[in-house]
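Peer 1: Before anything else, here's the structure in question.
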Amino acid sequence: MDDSLKLAEPSSAAFAGAVSGCITRLLFQPLDVVKTRFQLQVEPIKHHSVSKYRSLPQAFALIVREEGVSALWKGHVPAQLLSIVYGMSQFYSYNLITQHLSQYQIVHEWRNTLHFAEGAIAGAVSTTLTFPFDTIRTRLIAQSSKHKVYNGLLHSCLSIFQEESSKAFFRGLLPTILQIAPHTAFQFYFFGIFKDLYIKFTNDSRTTIAGTMTAGSLAGLAAKTIIYPFDLIRKRLQIQGFQHGRKGFGVFFHCTGMKDCIIITIKREGVNGLFKGLVPSQVKAVVTTALHFTIYEQTLVIMQLLKEKY
């Protein structure tokens with residue numbers, strides 16, 4: 001993998017990760033909104049069906065028509081907090097671990113394998129720290145505009161705490177860690193492999209925007225496809241106890257835990273049900289992962305230039 005990811009000081013990595021997370025989230029929140037609506041819909045996603053959402057273009061158009069353009073950024077405040085904190089903790093912990101391990105020779109011999117392990121640890125730490133923001137974001141995206149339960153970030157926090165207890169903020173944490181840890185691991189793993197291949201075929205050993213974008217997009221596509229079912233299970237667990245906010249979205253999905261959620265989903269919707277919303281998720285993964293790594297690396301480059309100048 002490129003040295004800009006391996007040798008950054010943890011504090012610099014945290015700042016660059018926060019900038020990367022903030023910009024990426026702002027640009028691609030609409031795809032996340034549509035993906036979440038697909039994941040929470042029990043009815044099939046087909047062009048000729050009675051389902052509320054039947055395709056990517058139709059879902060975008062329907063949300064804008066019924067709820068306004070701003071609905072595509074529903075849950076953006078908690079999502080932005082999630083992205084900033086997640087980006088900070090992810091790259092900070094990843095670089096901190098890498099920095100401590102860099103003194104051992106085995107790091108150079110098993111580089112990509114260690115990137116996978118380091119990414120998994122960084123993903124687990126970041127997920128646990130930011131999970132309450134993810135739950136709030138999902139609830140705000142999931143609720144109907146005609147039957148609003150929450151009026152914003154603060155109101156949703158107080159309502160969930162008072163009506164469901166603090167445990168509700170972490171409902172679905174296990175499948176999320178099972179998803180995010182390998183997802184982050186695969187992102188760093190594949191990014192390293194594709195970046196090395198890009199350098200090999202282009203003979204360009206420097207950090208380039210084209211190289212980072214190419215490696216990042218391919219890494220995002222591969223990682224998201226592998227772990228996608230856990231993402232769907234997480235969303236469905238996060239809305240348990242929230243059926244009063246889902247009026248107008250079709251049948252509400254009831255389950256008691258991760259195993260029950262998987263069984264019921266397959267029984268009602270088939271194995272394909274575990275991949276609902278995969279296409280917008282893949283589109284989002286390709287562009288966001290590419291931008292995530294690119295903005296991160298370029299922020300480090302700018303920070304280094306400013307440091308040298310001043």
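So you can find residues: chains in the structure tokens are A, B, ... in the order shown, residues in each start at 1, and ligands are numbered from 1 in order.
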Write out as an NGL selection string all residues of stretch 58-245 of chain A that backbone DSSP assigns to helix (DSSP H, G or I).

Peer 2: :A and (58-67 or 69-73 or 76-101 or 106-109 or 111-142 or 153-164 or 166-170 or 173-202 or 209-238 or 243-245)

Peer 1: Please identify all polymer residues within 10 Å of stretch 128-136 of chain A, counting only C-alpha atoms, omitting same-chain residues fewer than 3 positions from it, and present them as a PyMOL selection string.

Peer 2: chain A and resi 75+77-86+89+123-125+139-142+150+152-154+156-157+160+166-174+176-177+234-235+237-239

Peer 1: Those same residues, written as a JSON list (two decimals), in the first residue's frame with C-alpha atoms?

Peer 2:
[["chain", "number", "residue", "atom", "x", "y", "z"],
["A", 75, "GLY", "CA", -30.75, 12.06, 9.00],
["A", 77, "VAL", "CA", -26.81, 15.65, 10.99],
["A", 78, "PRO", "CA", -26.31, 12.36, 12.88],
["A", 79, "ALA", "CA", -24.90, 10.82, 9.69],
["A", 80, "GLN", "CA", -22.39, 13.66, 9.44],
["A", 81, "LEU", "CA", -21.41, 13.26, 13.09],
["A", 82, "LEU", "CA", -21.04, 9.53, 12.45],
["A", 83, "SER", "CA", -18.84, 10.09, 9.39],
["A", 84, "ILE", "CA", -16.58, 12.64, 11.06],
["A", 85, "VAL", "CA", -16.06, 10.62, 14.24],
["A", 86, "TYR", "CA", -15.79, 7.39, 12.27],
["A", 89, "SER", "CA", -11.18, 7.02, 14.80],
["A", 123, "GLY", "CA", -13.41, -0.86, 11.87],
["A", 124, "ALA", "CA", -14.54, -2.51, 15.11],
["A", 125, "VAL", "CA", -13.29, 0.39, 17.25],
["A", 139, "ARG", "CA", -34.60, 6.06, 12.44],
["A", 140, "LEU", "CA", -34.73, 9.55, 10.88],
["A", 141, "ILE", "CA", -34.40, 8.11, 7.36],
["A", 142, "ALA", "CA", -36.95, 5.38, 8.08],
["A", 150, "TYR", "CA", -38.77, 12.59, 15.68],
["A", 152, "GLY", "CA", -34.40, 16.09, 14.85],
["A", 153, "LEU", "CA", -31.23, 14.80, 16.44],
["A", 154, "LEU", "CA", -31.82, 15.95, 20.03],
["A", 156, "SER", "CA", -34.74, 11.50, 18.69],
["A", 157, "CYS", "CA", -32.02, 10.96, 21.32],
["A", 160, "ILE", "CA", -35.30, 6.72, 22.28],
["A", 166, "SER", "CA", -30.19, 3.27, 26.32],
["A", 167, "LYS", "CA", -29.87, -0.28, 24.97],
["A", 168, "ALA", "CA", -31.90, 0.76, 21.92],
["A", 169, "PHE", "CA", -28.99, 2.90, 20.72],
["A", 170, "PHE", "CA", -26.89, -0.25, 20.35],
["A", 171, "ARG", "CA", -29.53, -2.58, 18.93],
["A", 172, "GLY", "CA", -27.92, -4.37, 15.99],
["A", 173, "LEU", "CA", -24.34, -3.68, 17.12],
["A", 174, "LEU", "CA", -23.21, -7.32, 16.78],
["A", 176, "THR", "CA", -22.80, -4.32, 12.45],
["A", 177, "ILE", "CA", -19.39, -5.25, 13.87],
["A", 234, "ARG", "CA", -28.30, -4.11, 10.85],
["A", 235, "LYS", "CA", -30.86, -1.69, 9.37],
["A", 237, "LEU", "CA", -32.68, -4.50, 13.71],
["A", 238, "GLN", "CA", -32.29, -0.76, 14.23],
["A", 239, "ILE", "CA", -35.98, -0.08, 13.47]]

Peer 1: My list of candidates is A:Ala120, A:Ala290, A:Ile97, A:Leu232. Which is closest to A:Ile209 when distances are computed with only C-alpha atoms?

Peer 2: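 Closest to A:Ile209, using only C-alpha atoms: A:Ala290.
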
Peer 1: Quick one: everything within 9 Å of A:Val19, counting only C-alpha atoms, minus sequence neighbours fewer than 4 positions away in the same chain. Send it as a list in words.

Peer 2: Ala14, Phe15, Ile23, Thr24, Ile84, Gly87, Met88, Ile295, Tyr296 and Thr299 of chain A

Peer 1: Using only C-alpha atoms, please write the residues we just selected to a file, as an mmCIF file, in the first residue's frame.

Peer 2:
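What landed in part_4.cif:
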data_model
loop_
_atom_site.group_PDB
_atom_site.id
_atom_site.type_symbol
_atom_site.label_atom_id
_atom_site.label_comp_id
_atom_site.auth_asym_id
_atom_site.auth_seq_id
_atom_site.Cartn_x
_atom_site.Cartn_y
_atom_site.Cartn_z
ATOM 1 C CA ALA A 14 -7.388 11.615 12.483
ATOM 2 C CA PHE A 15 -7.809 15.125 11.032
ATOM 3 C CA ILE A 23 -17.046 15.742 2.484
ATOM 4 C CA THR A 24 -17.932 12.227 1.342
ATOM 5 C CA ILE A 84 -16.575 12.640 11.058
ATOM 6 C CA GLY A 87 -13.229 8.836 9.864
ATOM 7 C CA MET A 88 -11.171 10.220 12.747
ATOM 8 C CA ILE A 295 -9.549 13.110 0.042
ATOM 9 C CA TYR A 296 -7.727 11.513 2.965
ATOM 10 C CA THR A 299 -5.505 16.262 2.867
#

Peer 1: Taking only C-alpha atoms into account, name the residue in A:Lys309, A:Gln298, A:His244, A:Gly216 that is nearest to A:Lys146.

Peer 2: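 Distance minimum relative to A:Lys146 lands on A:His244.
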
Peer 1: Between A:Ile233, A:Ala210, A:Leu300, A:Ala59, single out the one closest to A:Ala71, counting only C-alpha atoms.

Peer 2: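 Of the candidates, the smallest distance to A:Ala71 is held by A:Ala59.
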
Peer 1: Find the residues near stretch 39-50 of chain A: any atom within 7 Å, counting only C-alpha atoms, skip ones fewer than 5 places away on the same chain, and give them as JSON, numbers by chain.

Peer 2: {"A": [55, 232, 235, 236, 251, 253, 276, 277]}
